[in-house]
$ cat work21.tsv   # TSV, C-alpha atoms
chain	number	residue	atom	x	y	z
E	1	LEU	CA	81.13	55.57	12.88
E	2	ASN	CA	80.77	51.81	13.53
E	3	GLN	CA	82.67	51.16	16.71
E	4	LEU	CA	82.57	48.84	19.71
E	5	ARG	CA	83.47	50.20	23.11
E	6	TRP	CA	83.90	48.03	26.18
E	7	ASP	CA	81.74	49.01	29.15
E	8	PRO	CA	83.71	47.81	32.19
E	9	THR	CA	80.80	48.53	34.56
E	10	LEU	CA	78.64	45.94	32.80
E	11	GLY	CA	81.41	43.81	31.36
E	12	GLU	CA	80.06	43.98	27.81
E	13	TRP	CA	80.66	45.56	24.41
E	14	VAL	CA	78.45	48.49	23.37
E	15	ALA	CA	77.97	49.33	19.67
E	16	TYR	CA	78.18	52.97	18.63
E	17	ALA	CA	76.69	54.00	15.27
E	18	THR	CA	76.29	57.77	15.16
E	19	HIS	CA	74.96	57.81	11.57
E	20	ARG	CA	71.80	56.03	12.75
E	21	GLN	CA	70.63	59.39	14.12
E	22	ASP	CA	69.99	60.37	10.49
E	23	ARG	CA	67.85	57.36	9.54
E	24	THR	CA	64.44	57.71	7.93
E	25	PHE	CA	61.90	58.46	10.65
E	26	LEU	CA	58.20	57.61	10.27
E	27	PRO	CA	57.66	58.78	6.67
E	28	PRO	CA	54.08	59.07	5.34
E	29	ALA	CA	52.75	55.76	3.98
E	30	GLU	CA	52.91	56.99	0.36
E	31	TYR	CA	56.66	57.50	0.74
E	32	CYS	CA	57.52	54.25	2.48
E	33	PRO	CA	61.09	53.25	1.47
E	34	LEU	CA	60.23	49.56	1.97
E	35	ASP	CA	57.41	49.49	-0.59
E	36	PRO	CA	58.21	48.20	-4.08
E	37	THR	CA	59.22	50.84	-6.61
E	38	LYS	CA	56.16	51.52	-8.75
E	39	PRO	CA	56.57	52.54	-12.43
E	40	GLY	CA	57.00	56.31	-12.48
E	41	GLY	CA	57.06	56.44	-8.70
E	42	PHE	CA	59.83	57.47	-6.35
E	43	PRO	CA	62.70	54.97	-5.98
E	44	THR	CA	62.46	52.90	-2.81
E	45	GLU	CA	64.90	50.39	-1.32
E	46	VAL	CA	63.44	47.72	-3.62
E	47	PRO	CA	63.95	48.41	-7.34
E	48	ARG	CA	61.11	46.15	-8.51
E	49	PRO	CA	57.36	46.73	-8.91
E	50	SER	CA	56.52	43.78	-6.66
E	51	TYR	CA	58.26	41.20	-4.48
E	52	ASP	CA	57.68	38.17	-2.30
E	53	ILE	CA	60.29	38.35	0.51
E	54	VAL	CA	63.34	40.60	0.29
E	55	VAL	CA	66.53	40.97	2.31
E	56	PHE	CA	68.97	43.87	1.94
E	57	GLU	CA	71.82	45.49	3.84
E	58	ASN	CA	70.62	48.12	6.27
E	59	LYS	CA	71.35	51.63	4.98
E	60	PHE	CA	72.07	52.74	8.57
E	61	PRO	CA	73.86	49.72	10.08
E	62	SER	CA	74.99	49.42	13.68
E	63	LEU	CA	77.65	46.95	12.47
E	64	ALA	CA	79.34	46.89	9.05
E	65	PRO	CA	81.63	44.35	7.31
E	66	ASP	CA	84.14	47.09	6.41
E	67	ALA	CA	84.04	49.00	9.70
E	68	PRO	CA	87.44	50.69	10.16
E	69	GLU	CA	89.68	50.08	13.12
E	70	PRO	CA	89.18	52.85	15.71
E	71	GLU	CA	91.71	55.66	15.57
E	72	GLY	CA	92.46	55.13	19.22
E	73	GLU	CA	92.40	51.68	20.77
E	74	GLY	CA	91.02	53.04	24.03
E	75	SER	CA	92.55	52.18	27.37
E	76	THR	CA	93.14	48.87	29.11
E	77	LEU	CA	89.99	49.54	31.11
E	78	THR	CA	87.90	50.77	28.19
E	79	PRO	CA	89.21	49.25	24.94
E	80	ALA	CA	87.63	50.04	21.57
E	81	ALA	CA	87.29	47.83	18.50
E	82	ALA	CA	85.91	47.97	14.97
E	83	GLY	CA	82.13	47.53	14.84
E	84	ARG	CA	82.46	44.71	12.34
E	85	GLY	CA	79.36	42.71	11.48
E	86	VAL	CA	76.33	42.73	9.21
E	87	CYS	CA	72.91	44.35	9.62
E	88	GLU	CA	70.15	43.25	7.28
E	89	VAL	CA	66.52	44.26	6.81
E	90	VAL	CA	63.96	41.55	6.00
E	91	LEU	CA	60.77	42.60	4.19
E	92	TYR	CA	57.97	40.12	4.86
E	93	SER	CA	55.64	41.31	2.10
E	94	ASP	CA	55.26	44.06	-0.49
E	95	ASP	CA	51.87	44.91	1.06
E	96	HIS	CA	52.51	47.97	3.22
E	97	ASN	CA	49.44	47.32	5.39
E	98	SER	CA	50.10	43.65	6.07
E	99	THR	CA	51.37	42.37	9.41
E	100	LEU	CA	53.06	39.13	10.42
E	101	ALA	CA	50.03	38.25	12.60
E	102	THR	CA	47.64	38.37	9.62
E	103	MET	CA	49.82	36.58	7.08
E	104	PRO	CA	48.90	33.06	5.93
E	105	GLU	CA	50.89	30.21	7.44
E	106	GLY	CA	52.54	29.50	4.08
E	107	ARG	CA	54.14	32.94	3.97
E	108	ILE	CA	55.32	32.65	7.57
E	109	ARG	CA	56.85	29.29	6.78
E	110	ASN	CA	58.65	30.84	3.79
E	111	LEU	CA	59.89	33.62	6.04
E	112	VAL	CA	61.36	31.03	8.41
E	113	GLU	CA	63.17	29.50	5.42
E	114	VAL	CA	64.63	32.93	4.65
E	115	TRP	CA	65.71	33.39	8.27
E	116	ALA	CA	67.43	29.98	8.14
E	117	ASP	CA	69.19	30.94	4.89
E	118	ARG	CA	70.48	34.18	6.39
E	119	TYR	CA	71.48	32.48	9.66
E	120	GLU	CA	73.56	29.96	7.74
E	121	GLU	CA	75.19	32.46	5.36
E	122	LEU	CA	75.93	35.17	7.91
E	123	GLY	CA	77.00	32.67	10.58
E	124	ALA	CA	79.63	31.30	8.21
E	125	LEU	CA	81.39	34.68	7.88
E	126	PRO	CA	84.79	34.60	9.61
E	127	PHE	CA	84.13	37.74	11.68
E	128	VAL	CA	80.65	36.71	12.87
E	129	GLU	CA	80.11	34.97	16.22
E	130	TYR	CA	76.34	35.29	16.64
E	131	VAL	CA	73.33	35.87	14.36
E	132	PHE	CA	70.27	37.49	15.88
E	133	VAL	CA	66.96	37.52	13.98
E	134	PHE	CA	64.42	39.90	15.49
E	135	GLU	CA	61.48	42.20	14.95
E	136	ASN	CA	60.62	45.40	16.73
E	137	LYS	CA	57.01	46.45	16.45
E	138	GLY	CA	55.37	49.69	17.47
E	139	GLU	CA	56.59	53.25	17.84
E	140	ALA	CA	56.96	52.79	21.60
E	141	ILE	CA	59.87	50.44	21.06
E	142	GLY	CA	61.52	52.62	18.46
E	143	VAL	CA	60.17	51.41	15.14
E	144	THR	CA	60.64	54.10	12.49
E	145	LEU	CA	58.97	52.34	9.54
E	146	HIS	CA	55.57	50.62	9.72
E	147	HIS	CA	55.99	48.37	6.66
E	148	PRO	CA	56.05	44.70	7.81
E	149	HIS	CA	59.72	43.96	8.32
E	150	GLY	CA	62.29	42.57	10.72
E	151	GLN	CA	66.03	42.82	11.10
E	152	ILE	CA	69.05	40.58	11.39
E	153	TYR	CA	72.21	41.50	13.29
E	154	ALA	CA	75.33	39.40	12.75
E	155	TYR	CA	77.57	40.20	15.73
E	156	PRO	CA	81.37	39.83	16.08
E	157	PHE	CA	80.77	38.57	19.64
E	158	VAL	CA	78.13	36.61	21.54
E	159	PRO	CA	75.86	39.18	23.25
E	160	PRO	CA	75.31	38.92	27.03
E	161	ARG	CA	71.86	37.29	27.07
E	162	PRO	CA	72.56	34.43	24.62
E	163	LYS	CA	75.91	33.99	26.38
E	164	LYS	CA	74.03	33.38	29.65
E	165	GLU	CA	71.64	31.01	27.83
E	166	LEU	CA	74.57	29.03	26.44
E	167	GLU	CA	76.14	28.79	29.88
E	168	ALA	CA	72.85	27.61	31.40
E	169	ALA	CA	72.48	24.94	28.70
E	170	ARG	CA	76.08	23.78	29.23
E	171	ASN	CA	75.55	23.62	33.00
E	172	HIS	CA	72.38	21.56	32.53
E	173	ARG	CA	74.23	19.17	30.23
E	174	ARG	CA	77.07	18.83	32.70
E	175	GLU	CA	74.75	18.23	35.65
E	176	THR	CA	72.20	15.92	34.01
E	177	GLY	CA	73.76	14.74	30.79
E	178	ASN	CA	70.69	16.04	28.98
E	179	CYS	CA	69.90	18.75	26.45
E	180	LEU	CA	68.19	21.63	28.34
E	181	HIS	CA	65.79	22.60	25.56
E	182	CYS	CA	64.84	18.97	24.92
E	183	ASP	CA	63.97	18.62	28.61
E	184	LEU	CA	61.96	21.86	28.58
E	185	LEU	CA	60.05	20.69	25.51
E	186	ALA	CA	59.35	17.31	27.06
E	187	GLU	CA	58.16	18.92	30.30
E	188	SER	CA	55.88	21.41	28.54
E	189	SER	CA	54.26	18.66	26.47
E	190	THR	CA	53.32	16.72	29.62
E	191	THR	CA	52.28	19.70	31.75
E	192	ALA	CA	48.71	21.02	31.57
E	193	VAL	CA	48.40	24.74	30.86
E	194	ALA	CA	46.42	26.50	33.60
U	1	LEU	CA	56.89	16.61	8.17
U	2	GLN	CA	56.15	18.58	5.03
U	3	ASP	CA	58.62	19.01	2.21
U	4	GLU	CA	60.59	22.24	2.24
U	5	PRO	CA	59.13	24.84	-0.14
U	6	ALA	CA	61.05	25.46	-3.37
U	7	MET	CA	62.94	28.69	-2.72
U	8	LYS	CA	64.39	30.87	-5.47
U	9	LYS	CA	67.11	33.31	-4.44
U	10	GLU	CA	68.31	36.19	-6.64
U	11	ARG	CA	71.12	38.39	-5.36
U	12	GLU	CA	71.70	41.84	-6.87
U	13	THR	CA	73.79	44.89	-6.06
U	14	LYS	CA	72.05	48.19	-5.47
U	15	ASP	CA	73.28	51.49	-6.92
U	16	ASP	CA	75.09	52.35	-3.69
U	17	GLY	CA	76.87	48.98	-3.49
U	18	ARG	CA	74.67	47.29	-0.92
U	19	TYR	CA	73.33	43.84	-1.76
U	20	ILE	CA	69.67	42.97	-2.05
U	21	ILE	CA	68.32	39.43	-2.19
U	22	PHE	CA	64.95	38.57	-3.72
U	23	PHE	CA	63.41	35.37	-2.34
U	24	SER	CA	60.44	33.79	-4.07
U	25	PHE	CA	58.54	30.58	-3.42
U	26	GLU	CA	56.33	28.38	-5.48
U	27	ASP	CA	54.14	26.77	-2.87
U	28	GLU	CA	52.39	29.57	-1.02
U	29	GLU	CA	48.63	29.14	-0.98
U	30	PRO	CA	46.60	32.03	-2.39
U	31	ALA	CA	45.42	34.50	0.23
U	32	PRO	CA	43.17	37.13	-1.38
U	33	ASP	CA	42.60	38.91	1.92
U	34	GLU	CA	46.22	38.78	3.08
U	35	GLY	CA	47.08	41.71	5.30
U	36	ARG	CA	43.63	43.18	5.32
U	37	ARG	CA	42.08	41.19	8.11
U	38	GLY	CA	43.20	43.12	11.09
$ encode --input "work21.tsv" --output "structure tokens"
Amino acid sequence: LNQLRWDPTLGEWVAYATHRQDRTFLPPAEYCPLDPTKPGGFPTEVPRPSYDIVVFENKFPSLAPDAPEPEGEGSTLTPAAAGRGVCEVVLYSDDHNSTLATMPEGRIRNLVEVWADRYEELGALPFVEYVFVFENKGEAIGVTLHHPHGQIYAYPFVPPRPKKELEAARNHRRETGNCLHCDLLAESSTTAVA
Amino acid sequence: LQDEPAMKKERETKDDGRYIIFFSFEDEEPAPDEGRRG
């Protein structure tokens, strides 16, 4: 099930993806599905013995390009829609024990290039309105695999927080004629950090 | 500003139909202790 349901109490879409309850949950390190597939070893998500940076479609996506239309369209108050979008996984390194914080700057720069590539490609899809690159880290926030990785969600709508950010930037432009983030950058570069 | 690193992009289809993209770069400096410092 990949479905969007409108929450009228918050005024926002909520994504339902029941199959995510079955996703791989904290496997032992020797059976990490994000490691490269070693010769004679068990097949992982990456069918190569080594890799640099890899992106693949999430096996348990919250949004899918071929999400079916909901059987019922919901009510006027609580409409439903297809959970159409793309969910990708980004593997930062084939070293299971690496972390983003300990990677050399060159690898992080390459990762940013990959993020930019995915932002451009996914953002150009006709059903995508917003591309969100993110990383969850730590079991407390719900991470189920420790291998260094992040995710990308390509949404069919602009989520509430970036929508507010866009509105704030537009308001600043209207009121001052300036770019909000340019002004923030200029202010931070002239303000001493306490 | 530095030049952008040369990025190689190989797109393949997995057995179950999902795509996988292999990115590789030519300019990354060697890091023998990568990932083992913390």
$ interface_residues --input "work21.tsv" --of "chain E" --to "chain U" --cutoff "12 Å" --atoms "all atoms listed in the file" --output "PyMOL selection string"
chain E and resi 36+43-48+50-61+64-66+86-118+147-148
$ atom_distance --input "work21.tsv" --atom1 "atom CA of E:Pro28" --atom2 "atom CA of E:Gly150"
19.2 Å
$ axis_aligned_box --input "work21.tsv" --around "stretch 13-20 of chain U" --padding-each-side "8 Å" --output "lines of an AutoDock Vina configuration file"
center_x = 73.3
center_y = 47.7
center_z = -3.9
size_x = 23.2
size_y = 25.4
size_z = 22.0
$ atom_distance --input "work21.tsv" --atom1 "atom CA of E:Leu34" --atom2 "atom CA of E:Leu63"
20.5 Å
$ atom_distance --input "work21.tsv" --atom1 "atom CA of E:Gly11" --atom2 "atom CA of E:Phe127"
20.8 Å
$ residues_near_point --input "work21.tsv" --point "(77.7, 37.1, 20.0)" --cutoff "12 Å" --atoms "all atoms listed in the file" --output "ChimeraX atom specification"
/E:12-14,84-85,123,127-132,153-166
$ residues_around --input "work21.tsv" --residues "E:Glu73" --least-positions-apart "4" --cutoff "12 Å" --atoms "only C-alpha atoms" --output "JSON, numbers by chain"
{"E": [3, 4, 5, 6, 68, 69, 77, 78, 79, 80, 81, 82]}
$ residues_around --input "work21.tsv" --residues "E:Ala17" --least-positions-apart "5" --cutoff "6 Å" --atoms "only C-alpha atoms" --output "list in words"
Leu1, Asn2 and Ser62 of chain E
$ build_atoms --input "work21.tsv" --residues "stretch 48-73 of chain E" --atoms "N, CA, C and O atoms" --output "PDB file, in the coordinates of the input"
ATOM      1  N   ARG E  48      62.004  47.002  -7.731  1.00  0.00           N
ATOM      2  CA  ARG E  48      61.110  46.150  -8.510  1.00  0.00           C
ATOM      3  C   ARG E  48      59.672  46.553  -8.201  1.00  0.00           C
ATOM      4  O   ARG E  48      59.390  47.028  -7.093  1.00  0.00           O
ATOM      5  N   PRO E  49      58.752  46.319  -9.135  1.00  0.00           N
ATOM      6  CA  PRO E  49      57.360  46.730  -8.910  1.00  0.00           C
ATOM      7  C   PRO E  49      56.604  45.832  -7.928  1.00  0.00           C
ATOM      8  O   PRO E  49      55.504  46.184  -7.481  1.00  0.00           O
ATOM      9  N   SER E  50      57.144  44.667  -7.642  1.00  0.00           N
ATOM     10  CA  SER E  50      56.520  43.780  -6.660  1.00  0.00           C
ATOM     11  C   SER E  50      57.600  42.826  -6.137  1.00  0.00           C
ATOM     12  O   SER E  50      58.653  42.680  -6.751  1.00  0.00           O
ATOM     13  N   TYR E  51      57.323  42.204  -4.997  1.00  0.00           N
ATOM     14  CA  TYR E  51      58.260  41.200  -4.480  1.00  0.00           C
ATOM     15  C   TYR E  51      57.548  40.275  -3.524  1.00  0.00           C
ATOM     16  O   TYR E  51      56.436  40.547  -3.064  1.00  0.00           O
ATOM     17  N   ASP E  52      58.219  39.158  -3.234  1.00  0.00           N
ATOM     18  CA  ASP E  52      57.680  38.170  -2.300  1.00  0.00           C
ATOM     19  C   ASP E  52      58.290  38.451  -0.919  1.00  0.00           C
ATOM     20  O   ASP E  52      57.670  39.062  -0.055  1.00  0.00           O
ATOM     21  N   ILE E  53      59.539  38.011  -0.710  1.00  0.00           N
ATOM     22  CA  ILE E  53      60.290  38.350   0.510  1.00  0.00           C
ATOM     23  C   ILE E  53      61.651  38.880   0.068  1.00  0.00           C
ATOM     24  O   ILE E  53      62.278  38.314  -0.837  1.00  0.00           O
ATOM     25  N   VAL E  54      62.095  39.947   0.696  1.00  0.00           N
ATOM     26  CA  VAL E  54      63.340  40.600   0.290  1.00  0.00           C
ATOM     27  C   VAL E  54      64.236  40.823   1.512  1.00  0.00           C
ATOM     28  O   VAL E  54      63.744  41.119   2.603  1.00  0.00           O
ATOM     29  N   VAL E  55      65.527  40.668   1.292  1.00  0.00           N
ATOM     30  CA  VAL E  55      66.530  40.970   2.310  1.00  0.00           C
ATOM     31  C   VAL E  55      67.537  41.944   1.702  1.00  0.00           C
ATOM     32  O   VAL E  55      67.955  41.762   0.555  1.00  0.00           O
ATOM     33  N   PHE E  56      67.903  42.981   2.438  1.00  0.00           N
ATOM     34  CA  PHE E  56      68.970  43.870   1.940  1.00  0.00           C
ATOM     35  C   PHE E  56      69.772  44.409   3.117  1.00  0.00           C
ATOM     36  O   PHE E  56      69.326  44.373   4.269  1.00  0.00           O
ATOM     37  N   GLU E  57      70.961  44.903   2.808  1.00  0.00           N
ATOM     38  CA  GLU E  57      71.820  45.490   3.840  1.00  0.00           C
ATOM     39  C   GLU E  57      71.216  46.781   4.353  1.00  0.00           C
ATOM     40  O   GLU E  57      70.796  47.636   3.559  1.00  0.00           O
ATOM     41  N   ASN E  58      71.171  46.923   5.656  1.00  0.00           N
ATOM     42  CA  ASN E  58      70.620  48.120   6.270  1.00  0.00           C
ATOM     43  C   ASN E  58      71.417  49.352   5.823  1.00  0.00           C
ATOM     44  O   ASN E  58      72.643  49.342   5.836  1.00  0.00           O
ATOM     45  N   LYS E  59      70.690  50.403   5.422  1.00  0.00           N
ATOM     46  CA  LYS E  59      71.350  51.630   4.980  1.00  0.00           C
ATOM     47  C   LYS E  59      72.022  52.344   6.161  1.00  0.00           C
ATOM     48  O   LYS E  59      72.966  53.106   5.977  1.00  0.00           O
ATOM     49  N   PHE E  60      71.528  52.084   7.367  1.00  0.00           N
ATOM     50  CA  PHE E  60      72.070  52.740   8.570  1.00  0.00           C
ATOM     51  C   PHE E  60      72.474  51.646   9.566  1.00  0.00           C
ATOM     52  O   PHE E  60      71.846  51.477  10.613  1.00  0.00           O
ATOM     53  N   PRO E  61      73.527  50.901   9.256  1.00  0.00           N
ATOM     54  CA  PRO E  61      73.860  49.720  10.080  1.00  0.00           C
ATOM     55  C   PRO E  61      74.568  50.067  11.390  1.00  0.00           C
ATOM     56  O   PRO E  61      75.373  50.997  11.452  1.00  0.00           O
ATOM     57  N   SER E  62      74.252  49.285  12.421  1.00  0.00           N
ATOM     58  CA  SER E  62      74.990  49.420  13.680  1.00  0.00           C
ATOM     59  C   SER E  62      76.345  48.726  13.571  1.00  0.00           C
ATOM     60  O   SER E  62      77.289  49.088  14.275  1.00  0.00           O
ATOM     61  N   LEU E  63      76.419  47.705  12.707  1.00  0.00           N
ATOM     62  CA  LEU E  63      77.650  46.950  12.470  1.00  0.00           C
ATOM     63  C   LEU E  63      77.848  46.840  10.965  1.00  0.00           C
ATOM     64  O   LEU E  63      76.875  46.667  10.234  1.00  0.00           O
ATOM     65  N   ALA E  64      79.086  46.937  10.495  1.00  0.00           N
ATOM     66  CA  ALA E  64      79.340  46.890   9.050  1.00  0.00           C
ATOM     67  C   ALA E  64      80.548  45.999   8.763  1.00  0.00           C
ATOM     68  O   ALA E  64      81.507  45.977   9.541  1.00  0.00           O
ATOM     69  N   PRO E  65      80.518  45.261   7.631  1.00  0.00           N
ATOM     70  CA  PRO E  65      81.630  44.350   7.310  1.00  0.00           C
ATOM     71  C   PRO E  65      82.959  45.080   7.150  1.00  0.00           C
ATOM     72  O   PRO E  65      84.010  44.527   7.448  1.00  0.00           O
ATOM     73  N   ASP E  66      82.902  46.339   6.677  1.00  0.00           N
ATOM     74  CA  ASP E  66      84.140  47.090   6.410  1.00  0.00           C
ATOM     75  C   ASP E  66      84.382  48.175   7.460  1.00  0.00           C
ATOM     76  O   ASP E  66      85.060  49.159   7.188  1.00  0.00           O
ATOM     77  N   ALA E  67      83.842  47.992   8.647  1.00  0.00           N
ATOM     78  CA  ALA E  67      84.040  49.000   9.700  1.00  0.00           C
ATOM     79  C   ALA E  67      85.541  49.192   9.951  1.00  0.00           C
ATOM     80  O   ALA E  67      86.272  48.211  10.136  1.00  0.00           O
ATOM     81  N   PRO E  68      85.997  50.449   9.957  1.00  0.00           N
ATOM     82  CA  PRO E  68      87.440  50.690  10.160  1.00  0.00           C
ATOM     83  C   PRO E  68      87.865  50.459  11.600  1.00  0.00           C
ATOM     84  O   PRO E  68      87.043  50.532  12.514  1.00  0.00           O
ATOM     85  N   GLU E  69      89.133  50.178  11.773  1.00  0.00           N
ATOM     86  CA  GLU E  69      89.680  50.080  13.120  1.00  0.00           C
ATOM     87  C   GLU E  69      89.579  51.467  13.769  1.00  0.00           C
ATOM     88  O   GLU E  69      89.764  52.489  13.100  1.00  0.00           O
ATOM     89  N   PRO E  70      89.274  51.536  15.044  1.00  0.00           N
ATOM     90  CA  PRO E  70      89.180  52.850  15.710  1.00  0.00           C
ATOM     91  C   PRO E  70      90.535  53.554  15.701  1.00  0.00           C
ATOM     92  O   PRO E  70      91.574  52.902  15.753  1.00  0.00           O
ATOM     93  N   GLU E  71      90.463  54.883  15.604  1.00  0.00           N
ATOM     94  CA  GLU E  71      91.710  55.660  15.570  1.00  0.00           C
ATOM     95  C   GLU E  71      92.511  55.466  16.858  1.00  0.00           C
ATOM     96  O   GLU E  71      93.720  55.366  16.837  1.00  0.00           O
ATOM     97  N   GLY E  72      91.799  55.437  17.957  1.00  0.00           N
ATOM     98  CA  GLY E  72      92.460  55.130  19.220  1.00  0.00           C
ATOM     99  C   GLY E  72      91.959  53.779  19.721  1.00  0.00           C
ATOM    100  O   GLY E  72      90.788  53.452  19.528  1.00  0.00           O
ATOM    101  N   GLU E  73      92.824  52.995  20.311  1.00  0.00           N
ATOM    102  CA  GLU E  73      92.400  51.680  20.770  1.00  0.00           C
ATOM    103  C   GLU E  73      91.748  51.717  22.145  1.00  0.00           C
ATOM    104  O   GLU E  73      91.386  50.682  22.696  1.00  0.00           O
TER     105      GLU E  73
END
